[in-house]
Every structure is written in C-alpha cells, then in structure tokens.
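Next comes entry20.cif, with mmCIF, C-alpha atoms.
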```
data_input
#
loop_
_atom_site.group_PDB
_atom_site.id
_atom_site.type_symbol
_atom_site.label_atom_id
_atom_site.label_comp_id
_atom_site.auth_asym_id
_atom_site.auth_seq_id
_atom_site.Cartn_x
_atom_site.Cartn_y
_atom_site.Cartn_z
ATOM 1 C CA MET S 183 149.248 194.868 139.124
ATOM 2 C CA PRO S 184 149.479 195.586 142.863
ATOM 3 C CA LEU S 185 151.719 193.483 145.007
ATOM 4 C CA LEU S 186 149.976 190.649 146.800
ATOM 5 C CA SER S 187 150.047 190.608 150.536
ATOM 6 C CA ALA S 188 151.822 187.626 152.022
ATOM 7 C CA SER S 189 148.567 185.983 153.011
ATOM 8 C CA SER S 190 146.778 186.524 149.725
ATOM 9 C CA THR S 191 146.183 184.265 146.780
ATOM 10 C CA LEU S 192 145.535 185.838 143.406
ATOM 11 C CA VAL S 193 143.057 184.102 141.155
ATOM 12 C CA VAL S 194 142.311 185.365 137.664
ATOM 13 C CA ALA S 195 139.266 184.297 135.743
ATOM 14 C CA ARG S 196 139.530 183.224 132.139
ATOM 15 C CA PRO S 197 137.505 185.434 129.814
ATOM 16 C CA GLN S 198 135.042 182.694 128.944
ATOM 17 C CA HIS S 199 134.137 179.081 129.535
ATOM 18 C CA HIS S 200 134.948 176.621 126.801
ATOM 19 C CA HIS S 201 131.894 174.503 126.189
ATOM 20 C CA LEU S 202 133.492 171.274 125.151
ATOM 21 C CA ARG S 203 132.206 167.898 124.087
ATOM 22 C CA HIS S 204 132.575 164.702 126.105
ATOM 23 C CA LEU S 205 134.992 162.385 124.389
ATOM 24 C CA SER S 206 136.317 158.868 124.514
ATOM 25 C CA PRO S 207 138.406 156.840 125.059
ATOM 26 C CA PRO S 208 139.149 157.745 128.694
ATOM 27 C CA LEU S 209 142.589 158.553 130.007
ATOM 28 C CA PRO S 210 144.687 155.817 131.562
ATOM 29 C CA PRO S 211 144.121 155.428 135.345
ATOM 30 C CA LEU S 212 147.065 157.650 136.263
ATOM 31 C CA PHE S 213 145.515 160.587 134.456
ATOM 32 C CA ALA S 214 141.851 159.715 134.894
ATOM 33 C CA SER S 215 139.646 162.727 135.396
ATOM 34 C CA SER S 216 136.526 164.301 134.008
ATOM 35 C CA SER S 217 138.622 165.418 131.037
ATOM 36 C CA THR S 218 139.289 162.957 128.253
ATOM 37 C CA PHE S 219 141.221 163.102 125.031
ATOM 38 C CA GLN S 220 140.194 163.107 121.395
ATOM 39 C CA SER S 221 142.036 163.326 118.149
ATOM 40 C CA PRO S 222 142.790 166.816 116.847
ATOM 41 C CA SER S 223 140.311 166.403 114.032
ATOM 42 C CA HIS S 224 137.563 166.415 116.675
ATOM 43 C CA SER S 225 139.379 168.661 119.207
ATOM 44 C CA LEU S 226 140.158 167.533 122.738
ATOM 45 C CA SER S 227 137.542 168.754 125.134
ATOM 46 C CA SER S 228 136.413 168.708 128.706
ATOM 47 C CA GLY S 229 133.062 169.330 130.205
ATOM 48 C CA ALA S 230 134.201 169.824 133.772
ATOM 49 C CA LEU S 231 137.155 172.162 133.800
ATOM 50 C CA ARG S 232 137.314 174.185 136.997
ATOM 51 C CA LEU S 233 137.409 177.875 136.237
ATOM 52 C CA PRO S 234 138.960 180.322 138.705
ATOM 53 C CA SER S 235 136.833 182.624 140.816
ATOM 54 C CA PRO S 236 136.424 186.278 139.809
ATOM 55 C CA LEU S 237 139.500 188.461 140.219
ATOM 56 C CA ARG S 238 139.989 189.276 143.873
ATOM 57 C CA PRO S 239 142.594 188.677 146.565
ATOM 58 C CA THR S 240 141.524 186.019 149.058
ATOM 59 C CA ALA S 241 142.874 184.809 152.365
ATOM 60 C CA LEU S 242 145.417 182.013 152.352
ATOM 61 C CA LYS S 243 143.518 178.746 152.580
ATOM 62 C CA ARG S 244 144.277 176.013 155.078
ATOM 63 C CA LYS S 245 146.325 173.337 153.329
ATOM 64 C CA PRO S 246 146.636 169.609 153.917
ATOM 65 C CA SER S 247 149.136 168.738 156.618
ATOM 66 C CA SER S 248 151.495 167.279 154.015
ATOM 67 C CA VAL S 249 151.757 170.717 152.428
ATOM 68 C CA LEU S 250 151.776 172.758 155.610
ATOM 69 C CA ALA S 251 154.585 170.830 157.265
ATOM 70 C CA VAL S 252 157.085 173.475 156.191
ATOM 71 C CA SER S 253 159.707 175.484 157.956
ATOM 72 C CA ALA S 254 159.470 179.257 158.188
ATOM 73 C CA SER S 255 162.997 179.369 156.774
ATOM 74 C CA LEU S 256 163.224 179.398 152.985
ATOM 75 C CA GLN S 257 166.523 177.737 152.070
ATOM 76 C CA ALA S 258 166.068 176.764 148.407
ATOM 77 C CA LEU S 259 164.018 178.099 145.500
ATOM 78 C CA ILE S 260 163.290 175.592 142.726
ATOM 79 C CA PHE S 261 161.924 176.593 139.307
ATOM 80 C CA ASP S 262 160.249 174.468 136.686
ATOM 81 C CA CYS S 263 161.402 175.475 133.203
ATOM 82 C CA ASP S 264 158.713 175.227 130.519
ATOM 83 C CA GLY S 265 155.773 177.429 131.451
ATOM 84 C CA VAL S 266 157.608 179.078 134.355
ATOM 85 C CA ILE S 267 160.855 180.470 132.940
ATOM 86 C CA LEU S 268 159.332 180.793 129.494
ATOM 87 C CA GLU S 269 155.847 180.353 128.083
ATOM 88 C CA SER S 270 156.710 177.483 125.801
ATOM 89 C CA GLU S 271 153.596 175.416 125.129
ATOM 90 C CA HIS S 272 153.008 176.829 121.654
ATOM 91 C CA LEU S 273 156.695 176.394 120.784
ATOM 92 C CA HIS S 274 156.666 172.714 121.737
ATOM 93 C CA ARG S 275 153.446 172.164 119.815
ATOM 94 C CA GLN S 276 154.965 173.785 116.732
ATOM 95 C CA ALA S 277 158.028 171.536 117.022
ATOM 96 C CA TYR S 278 155.903 168.371 117.372
ATOM 97 C CA ASN S 279 153.779 169.274 114.366
ATOM 98 C CA ASP S 280 156.896 170.060 112.334
ATOM 99 C CA ALA S 281 158.246 166.596 113.239
ATOM 100 C CA PHE S 282 154.971 164.905 112.265
ATOM 101 C CA ALA S 283 155.019 166.730 108.930
ATOM 102 C CA HIS S 284 158.708 165.993 108.307
ATOM 103 C CA PHE S 285 158.197 162.236 108.773
ATOM 104 C CA ASN S 286 154.670 162.225 107.258
ATOM 105 C CA VAL S 287 153.159 160.726 110.412
ATOM 106 C CA ARG S 288 149.585 159.570 109.749
ATOM 107 C CA CYS S 289 147.350 157.839 112.298
ATOM 108 C CA PRO S 290 144.660 155.411 111.099
ATOM 109 C CA SER S 291 141.932 157.124 113.126
ATOM 110 C CA SER S 292 142.539 160.556 111.626
ATOM 111 C CA SER S 293 140.104 161.961 109.071
ATOM 112 C CA SER S 294 142.613 164.602 108.012
ATOM 113 C CA PRO S 295 144.186 164.170 104.564
ATOM 114 C CA GLY S 296 147.523 165.453 105.863
ATOM 115 C CA PRO S 297 150.025 164.451 108.532
ATOM 116 C CA LEU S 298 149.142 164.459 112.230
ATOM 117 C CA ASP S 299 148.680 167.990 113.569
ATOM 118 C CA TRP S 300 147.903 168.729 117.220
ATOM 119 C CA ASP S 301 145.756 171.849 117.523
ATOM 120 C CA SER S 302 146.256 174.266 120.408
ATOM 121 C CA GLU S 303 143.177 173.213 122.395
ATOM 122 C CA PHE S 304 144.131 169.549 122.195
ATOM 123 C CA TYR S 305 147.768 170.191 123.076
ATOM 124 C CA ASP S 306 146.865 172.346 126.069
ATOM 125 C CA GLU S 307 144.882 169.462 127.541
ATOM 126 C CA LEU S 308 147.486 166.852 126.592
ATOM 127 C CA GLN S 309 150.473 168.650 128.069
ATOM 128 C CA ASN S 310 148.535 169.438 131.232
ATOM 129 C CA ARG S 311 147.757 165.756 131.757
ATOM 130 C CA ILE S 312 150.905 163.926 130.634
ATOM 131 C CA GLY S 313 154.439 165.095 131.381
ATOM 132 C CA GLY S 314 157.299 164.468 128.958
ATOM 133 C CA GLY S 315 157.339 164.268 125.161
ATOM 134 C CA LYS S 316 157.761 160.541 124.705
ATOM 135 C CA PRO S 317 154.909 159.650 127.104
ATOM 136 C CA LYS S 318 152.657 162.102 125.204
ATOM 137 C CA MET S 319 153.287 160.409 121.863
ATOM 138 C CA ARG S 320 153.130 156.909 123.302
ATOM 139 C CA TRP S 321 149.747 157.648 124.881
ATOM 140 C CA TYR S 322 148.410 159.246 121.721
ATOM 141 C CA PHE S 323 149.493 156.415 119.418
ATOM 142 C CA LYS S 324 148.162 153.814 121.824
ATOM 143 C CA GLU S 325 144.746 155.480 121.868
ATOM 144 C CA HIS S 326 144.502 156.514 118.207
ATOM 145 C CA GLY S 327 146.505 153.809 116.467
ATOM 146 C CA TRP S 328 150.197 153.519 115.679
ATOM 147 C CA PRO S 329 150.958 155.567 112.568
ATOM 148 C CA THR S 330 152.521 155.055 109.198
ATOM 149 C CA SER S 331 155.479 157.307 108.434
ATOM 150 C CA THR S 332 158.640 157.595 106.402
ATOM 151 C CA ILE S 333 160.310 155.781 109.328
ATOM 152 C CA PHE S 334 157.979 152.758 109.078
ATOM 153 C CA GLU S 335 155.818 152.337 105.985
ATOM 154 C CA THR S 336 153.440 150.152 107.986
ATOM 155 C CA PRO S 337 152.484 150.791 111.619
ATOM 156 C CA PRO S 338 155.147 149.352 113.942
ATOM 157 C CA GLU S 339 153.977 146.296 115.872
ATOM 158 C CA SER S 340 156.887 145.311 118.102
ATOM 159 C CA ASP S 341 157.823 147.206 121.255
ATOM 160 C CA ALA S 342 161.301 147.781 119.844
ATOM 161 C CA ASP S 343 160.018 149.353 116.622
ATOM 162 C CA ARG S 344 157.525 151.498 118.493
ATOM 163 C CA ALA S 345 160.256 152.726 120.814
ATOM 164 C CA LYS S 346 162.453 153.475 117.782
ATOM 165 C CA LEU S 347 159.677 155.518 116.159
ATOM 166 C CA ILE S 348 159.125 157.588 119.281
ATOM 167 C CA ASP S 349 162.871 158.091 119.828
ATOM 168 C CA ILE S 350 163.389 159.352 116.271
ATOM 169 C CA LEU S 351 160.387 161.687 116.436
ATOM 170 C CA GLN S 352 161.431 163.047 119.823
ATOM 171 C CA ASP S 353 165.044 163.619 118.729
ATOM 172 C CA TRP S 354 163.950 165.515 115.617
ATOM 173 C CA LYS S 355 161.379 167.486 117.595
ATOM 174 C CA THR S 356 164.043 168.428 120.157
ATOM 175 C CA GLU S 357 166.376 169.713 117.444
ATOM 176 C CA ARG S 358 163.554 171.734 115.916
ATOM 177 C CA TYR S 359 162.623 173.195 119.302
ATOM 178 C CA GLN S 360 166.242 174.186 119.863
ATOM 179 C CA GLU S 361 166.278 175.999 116.530
ATOM 180 C CA ILE S 362 163.247 177.995 117.639
ATOM 181 C CA ILE S 363 164.866 178.900 120.976
ATOM 182 C CA LYS S 364 168.138 179.898 119.287
ATOM 183 C CA SER S 365 166.285 182.203 116.918
ATOM 184 C CA GLY S 366 166.338 184.919 119.603
ATOM 185 C CA SER S 367 162.593 185.530 119.390
ATOM 186 C CA VAL S 368 161.817 183.987 122.806
ATOM 187 C CA GLN S 369 161.999 185.962 126.061
ATOM 188 C CA PRO S 370 161.782 184.826 129.729
ATOM 189 C CA ARG S 371 158.506 185.389 131.562
ATOM 190 C CA PRO S 372 158.221 188.585 133.641
ATOM 191 C CA GLY S 373 159.940 188.630 137.017
ATOM 192 C CA VAL S 374 161.820 185.343 136.675
ATOM 193 C CA LEU S 375 165.349 186.710 136.343
ATOM 194 C CA ARG S 376 164.887 189.281 139.109
ATOM 195 C CA LEU S 377 163.551 186.651 141.522
ATOM 196 C CA MET S 378 166.462 184.329 140.709
ATOM 197 C CA ASP S 379 168.921 187.137 141.356
ATOM 198 C CA GLU S 380 167.227 188.072 144.647
ATOM 199 C CA ALA S 381 167.430 184.475 145.838
ATOM 200 C CA LYS S 382 171.121 184.208 144.996
ATOM 201 C CA ALA S 383 171.931 187.559 146.589
ATOM 202 C CA ALA S 384 170.163 186.436 149.777
ATOM 203 C CA GLY S 385 172.247 183.255 149.950
ATOM 204 C CA LYS S 386 169.400 180.930 148.991
ATOM 205 C CA LYS S 387 170.100 177.822 146.954
ATOM 206 C CA LEU S 388 168.714 177.927 143.433
ATOM 207 C CA ALA S 389 167.640 175.016 141.220
ATOM 208 C CA VAL S 390 165.790 174.205 137.999
ATOM 209 C CA CYS S 391 163.866 170.939 137.639
ATOM 210 C CA SER S 392 162.246 170.194 134.283
ATOM 211 C CA ALA S 393 160.596 167.111 132.804
ATOM 212 C CA ALA S 394 161.910 168.076 129.353
ATOM 213 C CA THR S 395 164.927 166.600 127.575
ATOM 214 C CA LYS S 396 168.183 167.756 129.149
ATOM 215 C CA SER S 397 169.687 169.138 125.937
ATOM 216 C CA SER S 398 166.572 171.271 125.352
ATOM 217 C CA VAL S 399 166.538 172.582 128.914
ATOM 218 C CA ILE S 400 170.251 173.450 128.834
ATOM 219 C CA LEU S 401 169.824 175.405 125.605
ATOM 220 C CA THR S 402 166.728 177.140 126.962
ATOM 221 C CA LEU S 403 168.439 178.168 130.185
ATOM 222 C CA GLU S 404 171.638 179.335 128.488
ATOM 223 C CA SER S 405 169.601 181.369 125.996
ATOM 224 C CA LEU S 406 167.041 182.863 128.389
ATOM 225 C CA ILE S 407 168.648 183.219 131.819
ATOM 226 C CA GLY S 408 172.202 183.596 130.529
ATOM 227 C CA LEU S 409 175.301 181.462 130.896
ATOM 228 C CA ASP S 410 176.384 183.026 134.208
ATOM 229 C CA ARG S 411 173.049 182.361 135.912
ATOM 230 C CA PHE S 412 172.927 178.858 134.494
ATOM 231 C CA ARG S 413 176.410 178.018 135.806
ATOM 232 C CA SER S 414 175.539 179.465 139.205
ATOM 233 C CA LEU S 415 172.617 177.062 139.719
ATOM 234 C CA ASP S 416 173.111 174.838 142.746
ATOM 235 C CA CYS S 417 171.151 172.044 141.094
ATOM 236 C CA PHE S 418 169.829 171.321 137.627
ATOM 237 C CA LEU S 419 167.761 168.230 136.814
ATOM 238 C CA ALA S 420 165.927 167.248 133.627
ATOM 239 C CA GLY S 421 163.666 164.429 132.575
ATOM 240 C CA ASP S 422 166.682 162.302 131.662
ATOM 241 C CA ASP S 423 167.836 162.297 135.295
ATOM 242 C CA VAL S 424 164.840 160.450 136.797
ATOM 243 C CA LYS S 425 162.891 157.344 135.858
ATOM 244 C CA GLU S 426 159.438 158.816 136.380
ATOM 245 C CA LYS S 427 158.059 162.078 135.026
ATOM 246 C CA LYS S 428 155.942 164.602 136.896
ATOM 247 C CA PRO S 429 153.434 164.283 138.620
ATOM 248 C CA ASP S 430 155.739 161.700 140.197
ATOM 249 C CA PRO S 431 157.750 163.579 142.874
ATOM 250 C CA SER S 432 161.088 161.878 142.066
ATOM 251 C CA ILE S 433 162.697 164.902 140.437
ATOM 252 C CA TYR S 434 161.991 167.165 143.424
ATOM 253 C CA ILE S 435 163.068 164.568 145.970
ATOM 254 C CA ALA S 436 166.320 164.127 144.026
ATOM 255 C CA ALA S 437 166.824 167.909 143.922
ATOM 256 C CA ALA S 438 166.456 168.222 147.706
ATOM 257 C CA LYS S 439 169.109 165.541 148.191
ATOM 258 C CA ARG S 440 171.527 167.252 145.805
ATOM 259 C CA LEU S 441 170.925 170.610 147.439
ATOM 260 C CA GLY S 442 171.398 169.139 150.904
ATOM 261 C CA VAL S 443 168.156 170.781 152.012
ATOM 262 C CA SER S 444 165.088 169.252 153.616
ATOM 263 C CA GLU S 445 162.079 169.110 151.304
ATOM 264 C CA LYS S 446 160.078 171.263 153.705
ATOM 265 C CA ASP S 447 162.630 174.078 153.391
ATOM 266 C CA CYS S 448 162.338 174.252 149.595
ATOM 267 C CA LEU S 449 159.831 176.349 147.676
ATOM 268 C CA VAL S 450 158.834 175.293 144.151
ATOM 269 C CA VAL S 451 157.595 177.551 141.359
ATOM 270 C CA GLU S 452 155.344 175.675 138.921
ATOM 271 C CA ASP S 453 152.834 176.544 136.221
ATOM 272 C CA SER S 454 150.593 173.460 136.039
ATOM 273 C CA VAL S 455 148.712 171.040 138.247
ATOM 274 C CA ILE S 456 151.077 168.229 137.177
ATOM 275 C CA GLY S 457 154.045 170.158 138.568
ATOM 276 C CA LEU S 458 152.084 171.208 141.645
ATOM 277 C CA GLN S 459 151.260 167.565 142.387
ATOM 278 C CA ALA S 460 154.911 166.579 141.992
ATOM 279 C CA ALA S 461 156.028 169.294 144.415
ATOM 280 C CA THR S 462 153.408 168.650 147.094
ATOM 281 C CA GLN S 463 153.895 164.882 146.911
ATOM 282 C CA ALA S 464 157.587 165.540 147.540
ATOM 283 C CA GLY S 465 156.611 167.458 150.685
ATOM 284 C CA MET S 466 157.496 170.864 149.198
ATOM 285 C CA PRO S 467 155.317 173.994 149.348
ATOM 286 C CA CYS S 468 154.597 175.385 145.905
ATOM 287 C CA ILE S 469 153.469 178.613 144.281
ATOM 288 C CA VAL S 470 151.984 178.663 140.797
ATOM 289 C CA SER S 471 152.724 181.161 138.045
ATOM 290 C CA TYR S 472 150.093 180.007 135.589
ATOM 291 C CA THR S 473 149.884 180.507 131.843
ATOM 292 C CA SER S 474 146.942 180.999 129.509
ATOM 293 C CA SER S 475 146.777 177.240 128.967
ATOM 294 C CA THR S 476 146.867 176.293 132.667
ATOM 295 C CA ALA S 477 144.759 179.055 134.245
ATOM 296 C CA ASN S 478 141.674 176.824 134.464
ATOM 297 C CA GLN S 479 143.363 174.156 136.577
ATOM 298 C CA ASP S 480 142.730 173.441 140.253
ATOM 299 C CA PHE S 481 145.595 175.002 142.203
ATOM 300 C CA SER S 482 143.984 174.702 145.626
ATOM 301 C CA ASP S 483 147.096 172.951 147.022
ATOM 302 C CA ALA S 484 149.361 175.879 146.070
ATOM 303 C CA ILE S 485 150.202 178.374 148.799
ATOM 304 C CA ALA S 486 149.696 181.174 146.250
ATOM 305 C CA THR S 487 148.943 181.642 142.555
ATOM 306 C CA TYR S 488 150.044 184.448 140.237
ATOM 307 C CA PRO S 489 149.552 185.335 136.560
ATOM 308 C CA ASP S 490 153.322 185.964 136.454
ATOM 309 C CA LEU S 491 156.175 186.829 138.823
ATOM 310 C CA SER S 492 156.513 190.506 137.925
ATOM 311 C CA SER S 493 155.247 191.704 141.322
ATOM 312 C CA VAL S 494 156.609 188.851 143.458
ATOM 313 C CA ARG S 495 159.621 189.449 145.698
ATOM 314 C CA LEU S 496 161.677 186.984 147.695
ATOM 315 C CA SER S 497 160.434 188.585 150.902
ATOM 316 C CA ASP S 498 156.857 187.844 149.792
ATOM 317 C CA LEU S 499 157.694 184.156 149.431
ATOM 318 C CA GLU S 500 159.331 184.015 152.837
ATOM 319 C CA MET S 501 156.229 185.593 154.385
ATOM 320 C CA LEU S 502 153.984 183.140 152.549
ATOM 321 C CA LEU S 503 155.851 180.263 154.183
ATOM 322 C CA GLN S 504 155.456 181.853 157.587
ATOM 323 C CA ASP S 505 151.729 182.298 156.993
ATOM 324 C CA ALA S 506 151.461 178.671 155.862
ATOM 325 C CA VAL S 507 153.046 177.523 159.108
ATOM 326 C CA ALA S 508 150.724 179.776 161.103
ATOM 327 C CA ALA S 509 147.693 178.469 159.205
ATOM 328 C CA GLY S 510 148.717 174.931 160.119
#
```

Go ahead and render the structure in this file as structure tokens.
Amino acid sequence: MPLLSASSTLVVARPQHHHLRHLSPPLPPLFASSSTFQSPSHSLSSGALRLPSPLRPTALKRKPSSVLAVSASLQALIFDCDGVILESEHLHRQAYNDAFAHFNVRCPSSSSPGPLDWDSEFYDELQNRIGGGKPKMRWYFKEHGWPTSTIFETPPESDADRAKLIDILQDWKTERYQEIIKSGSVQPRPGVLRLMDEAKAAGKKLAVCSAATKSSVILTLESLIGLDRFRSLDCFLAGDDVKEKKPDPSIYIAAAKRLGVSEKDCLVVEDSVIGLQAATQAGMPCIVSYTSSTANQDFSDAIATYPDLSSVRLSDLEMLLQDAVAAG
C-alpha cells in the first residue's frame, strides 16, 4: 500500500453492509447510541453503523479546537495495546467463552441449552462500546439477568456476591488469555515494532496505555514487543492504574503527567472510537489503526486513519501534527 501523504487520511470500506435488526434493551446513557445490544442467541445488531467512504486518500479535515490545539513538536508516542499492538478481539472472546463454559455460566434470558457464548458479531459491538472486562460482564448480566454457575448455584443477589462472581470469572479469563498469548501463535500487527524503534531512536518518549488487566498487558508486551522494548518504555499504564476506563480520558492524562509532557505534545495510536474519545478528551491528537471489527466506526476526530502501521513512519506523524496546526 502506498505511503500516505502527511495531509491525507486513508479510509477503507468494509466489503459489505451488515443489515442488522433493532434490538432492546438500550445501552446505558454513557454508551447510548443508535446501536443496542442483544443476547448472543439473537445476535447483537445495529441499524445505523457508519460505513467508511470508498477507498481514496482525502484531505485532512478541520478538527475541533480541542483536538487541533497541538504543538508541531511530537514529544511522546502513546500506544494502546489490544487492537493496536496485536489484533486481540477474537482471543479475548475465546477466553471469555472458555471461562463461561468452565464455570457453566447460564443466563435466564438465554434460549441456548449450553453455557453463555458470545458470538463474534455480538462481541465486536460489545467491546467497541464498553471498555474493560469486568464492566462488559456487569453490563451484560444486568441487562440479561444474573446467571447461575458452579460459583453460585442460584443467581447472586447481593452486590458483594455479584462482585465475587465477576472477579472469579475475570481472573480465570485472564489466565486463559495469558495461556493463549504464551502459546507463541500470536504476532504483533504490522509496523508496530518499527515505529516504536523509530520513536526511541529519535529521542521521543514511548508509552503504552491499555484498559486491560495489568498482568495480561505485561505478558502481552513481553511476548510481542520483547523484554528489552518493554523495559525501555517511559510509561506503562493498565486498567488497574485508573479508576475509570476508556472512553474516560484518565489513563491518558495520567500518562502525560508521568511522562512530564504536555497532553498537546503527545500523539496516541488507537484502534477504536472508545480509545479515540479517551485521547481527544485528554487533549491529545490521535491516529487510528483500525481492525476488521472497528473499521465501521466514526473516526472523524482522528487526524489520520490507517488499516495498519506498515507504511507509517515517524516523520509522517510529525508532519501530520504540523498539518493539524496549520488547519487550525
């Protein structure tokens, strides 16, 4: 794929629209949109997903002032982990379903004779709306009924028991996910390692900020970017380090403080609209390296979008920031 010019935004169309059914109940206010959730037995669907324009380079769009208030000097490059460093959605979904099967998790609203099983279409929508594993399960059980399981023979009713159920499921899921990562079958996404190395060689500060559990992120980074790169990070934050998950900007604001760099002099690499919202709300410009499950999302607040980072150089990112300032 040809290298993008500094003032171009690449948009790739999905091969087809998904004609999906309208569902209920609606999302909580924080995640309210035209997309709503449904149990996997009926498939989660949306009737108003925004599909990208046909494949063509387009001029850099004027951004809101909150996004454009950036310096022309790139001082820190911040990567999300899941979806950016590795394409991990299907691995997380496998680990959740393995946990549900292991503990025989069954929701009262499910018509399936077996344990809870999140299909790929449902999980794509879920993980693109709600950040963090525990919030995903809490939302699902609240909407579809708290389940029976080998942990609780009857659905838990107290807040303490519900928290215990989610903690046990998340811990087991995390261990299962780590087993998958350690198997050696997972590779980093194209261009990630080279861009990290370019940033370090140019004296830029380098960070990783992920909403996932810290132990999972550490294992992922050690396995995929290597121990030397991981130890050379100037900042590493996970979901355990902040009270609120993305799209809340807390994790990126905290990273800027640890790096000793103004938010406007950081550039974030994200893969989803949740991460993009977190970055822009923190006052940081953001590029998006989307995946097959996030390509339909509205990335209009990103200064550029890419299918991967294979053709992206550090100099391109520096020029993008300059163009963003000029556009402002």

Problem set entry | Test item: residues at most 9 Å from Met319 of chain S, all atoms listed in the file, excluding those fewer than 5 positions along its chain, as a ChimeraX atom specification | /S:324,348,352

For this session: Identify, on the basis of all atoms listed in the file, every residue whose closest approach to segment 434-448 of chain S does not exceed 12 Å; exclude the query and any residue fewer than 6 positions from it along the same chain; express the result as a ChimeraX atom specification.
Result: /S:247-262,386-393,415-421,423-428,457-469,499-500,503-504,506-507

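Once the PyMOL selection byres ((chain S and resi 314) around 7) is applied to this file, the selection holds S:Ile312, S:Gly313, S:Gly315, S:Lys316, S:Pro317, S:Lys318, S:Ala393, S:Ala394, S:Lys427.
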
Exercise. Evaluating the PyMOL selection byres ((chain S and resi 275) around 12) on the displayed file yields which residues, as a ChimeraX atom specification?
Worked result: /S:269-274,276-282,298-309,315,318-319,355-356,358-359,362

Can I get the selected residues back with C-alpha atoms, as a tab-separated table (two decimals), in the frame of the given file?
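What follows is the written file selection.tsv:
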```tsv
chain	number	residue	atom	x	y	z
S	269	GLU	CA	155.85	180.35	128.08
S	270	SER	CA	156.71	177.48	125.80
S	271	GLU	CA	153.60	175.42	125.13
S	272	HIS	CA	153.01	176.83	121.65
S	273	LEU	CA	156.70	176.39	120.78
S	274	HIS	CA	156.67	172.71	121.74
S	276	GLN	CA	154.96	173.78	116.73
S	277	ALA	CA	158.03	171.54	117.02
S	278	TYR	CA	155.90	168.37	117.37
S	279	ASN	CA	153.78	169.27	114.37
S	280	ASP	CA	156.90	170.06	112.33
S	281	ALA	CA	158.25	166.60	113.24
S	282	PHE	CA	154.97	164.90	112.26
S	298	LEU	CA	149.14	164.46	112.23
S	299	ASP	CA	148.68	167.99	113.57
S	300	TRP	CA	147.90	168.73	117.22
S	301	ASP	CA	145.76	171.85	117.52
S	302	SER	CA	146.26	174.27	120.41
S	303	GLU	CA	143.18	173.21	122.40
S	304	PHE	CA	144.13	169.55	122.20
S	305	TYR	CA	147.77	170.19	123.08
S	306	ASP	CA	146.86	172.35	126.07
S	307	GLU	CA	144.88	169.46	127.54
S	308	LEU	CA	147.49	166.85	126.59
S	309	GLN	CA	150.47	168.65	128.07
S	315	GLY	CA	157.34	164.27	125.16
S	318	LYS	CA	152.66	162.10	125.20
S	319	MET	CA	153.29	160.41	121.86
S	355	LYS	CA	161.38	167.49	117.60
S	356	THR	CA	164.04	168.43	120.16
S	358	ARG	CA	163.55	171.73	115.92
S	359	TYR	CA	162.62	173.20	119.30
S	362	ILE	CA	163.25	178.00	117.64
```

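Computed from the coordinates, the atom CA of Ser367 of chain S to atom CA of Phe285 of chain S distance equals 26.0 Å.
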
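Taking atom CA of Tyr488 of chain S and atom CA of Ser471 of chain S as the two end points, the separation is 4.8 Å.
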
Problem set entry | Between atom CA of Thr395 of chain S and atom CA of Pro290 of chain S - distance in Å to one decimal | 28.4 Å

For this session: Could you give me, as number ranges by chain, the residues within 12 Å of Gln369 of chain S, counting only C-alpha atoms and dropping anything in the same chain fewer than 5 positions from it?
Result: S: 265-270, 362-364, 374-375, 402-408

Just say which residues the PyMOL selection byres ((chain S and resi 486) around 6) picks in this file, as a PDB file with C-alpha atoms, in the coordinates of the input.
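Written out: out16.pdb:
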```pdb
ATOM      1  CA  THR S 191     146.183 184.265 146.780  1.00  0.00           C
ATOM      2  CA  ILE S 469     153.469 178.613 144.281  1.00  0.00           C
ATOM      3  CA  ALA S 484     149.361 175.879 146.070  1.00  0.00           C
ATOM      4  CA  ILE S 485     150.202 178.374 148.799  1.00  0.00           C
ATOM      5  CA  THR S 487     148.943 181.642 142.555  1.00  0.00           C
TER       6      THR S 487
END
```

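The closest residue to Phe481 of chain S, picked from S:Asp453, S:Asp505, S:Val494, S:Asp430 and counting all atoms listed in the file, is S:Asp453.
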
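Considering only C-alpha atoms, the residue among S:Glu339, S:Gly327, S:Arg495, S:Arg320 positioned nearest to Cys289 of chain S is S:Gly327.
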
Reconstruct N, CA and C atoms of segment 320-333 of chain S; output as a PDB file, in the frame of the given file.
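Output (part14.pdb):
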```
ATOM      1  N   ARG S 320     153.481 158.304 123.051  1.00  0.00           N
ATOM      2  CA  ARG S 320     153.130 156.909 123.302  1.00  0.00           C
ATOM      3  C   ARG S 320     151.653 156.796 123.662  1.00  0.00           C
ATOM      4  N   TRP S 321     151.160 157.682 124.524  1.00  0.00           N
ATOM      5  CA  TRP S 321     149.747 157.648 124.881  1.00  0.00           C
ATOM      6  C   TRP S 321     148.874 157.893 123.660  1.00  0.00           C
ATOM      7  N   TYR S 322     149.232 158.889 122.880  1.00  0.00           N
ATOM      8  CA  TYR S 322     148.410 159.246 121.721  1.00  0.00           C
ATOM      9  C   TYR S 322     148.338 158.095 120.724  1.00  0.00           C
ATOM     10  N   PHE S 323     149.481 157.497 120.403  1.00  0.00           N
ATOM     11  CA  PHE S 323     149.493 156.415 119.418  1.00  0.00           C
ATOM     12  C   PHE S 323     148.786 155.167 119.946  1.00  0.00           C
ATOM     13  N   LYS S 324     148.865 154.953 121.239  1.00  0.00           N
ATOM     14  CA  LYS S 324     148.162 153.814 121.824  1.00  0.00           C
ATOM     15  C   LYS S 324     146.655 153.990 121.708  1.00  0.00           C
ATOM     16  N   GLU S 325     146.177 155.214 121.901  1.00  0.00           N
ATOM     17  CA  GLU S 325     144.746 155.480 121.868  1.00  0.00           C
ATOM     18  C   GLU S 325     144.194 155.643 120.454  1.00  0.00           C
ATOM     19  N   HIS S 326     144.997 156.172 119.541  1.00  0.00           N
ATOM     20  CA  HIS S 326     144.502 156.514 118.207  1.00  0.00           C
ATOM     21  C   HIS S 326     145.103 155.668 117.099  1.00  0.00           C
ATOM     22  N   GLY S 327     145.918 154.698 117.452  1.00  0.00           N
ATOM     23  CA  GLY S 327     146.505 153.809 116.467  1.00  0.00           C
ATOM     24  C   GLY S 327     147.929 154.212 116.116  1.00  0.00           C
ATOM     25  N   TRP S 328     148.809 153.234 116.041  1.00  0.00           N
ATOM     26  CA  TRP S 328     150.197 153.519 115.679  1.00  0.00           C
ATOM     27  C   TRP S 328     150.252 153.918 114.221  1.00  0.00           C
ATOM     28  N   PRO S 329     151.048 154.939 113.889  1.00  0.00           N
ATOM     29  CA  PRO S 329     150.958 155.567 112.568  1.00  0.00           C
ATOM     30  C   PRO S 329     151.874 154.936 111.517  1.00  0.00           C
ATOM     31  N   THR S 330     151.564 155.243 110.278  1.00  0.00           N
ATOM     32  CA  THR S 330     152.521 155.055 109.198  1.00  0.00           C
ATOM     33  C   THR S 330     153.392 156.305 109.139  1.00  0.00           C
ATOM     34  N   SER S 331     154.556 156.170 108.521  1.00  0.00           N
ATOM     35  CA  SER S 331     155.479 157.307 108.434  1.00  0.00           C
ATOM     36  C   SER S 331     156.591 156.958 107.465  1.00  0.00           C
ATOM     37  N   THR S 332     157.468 157.909 107.220  1.00  0.00           N
ATOM     38  CA  THR S 332     158.640 157.595 106.402  1.00  0.00           C
ATOM     39  C   THR S 332     159.650 156.761 107.190  1.00  0.00           C
ATOM     40  N   ILE S 333     159.447 156.632 108.493  1.00  0.00           N
ATOM     41  CA  ILE S 333     160.310 155.781 109.328  1.00  0.00           C
ATOM     42  C   ILE S 333     159.875 154.329 109.201  1.00  0.00           C
TER      43      ILE S 333
END
```
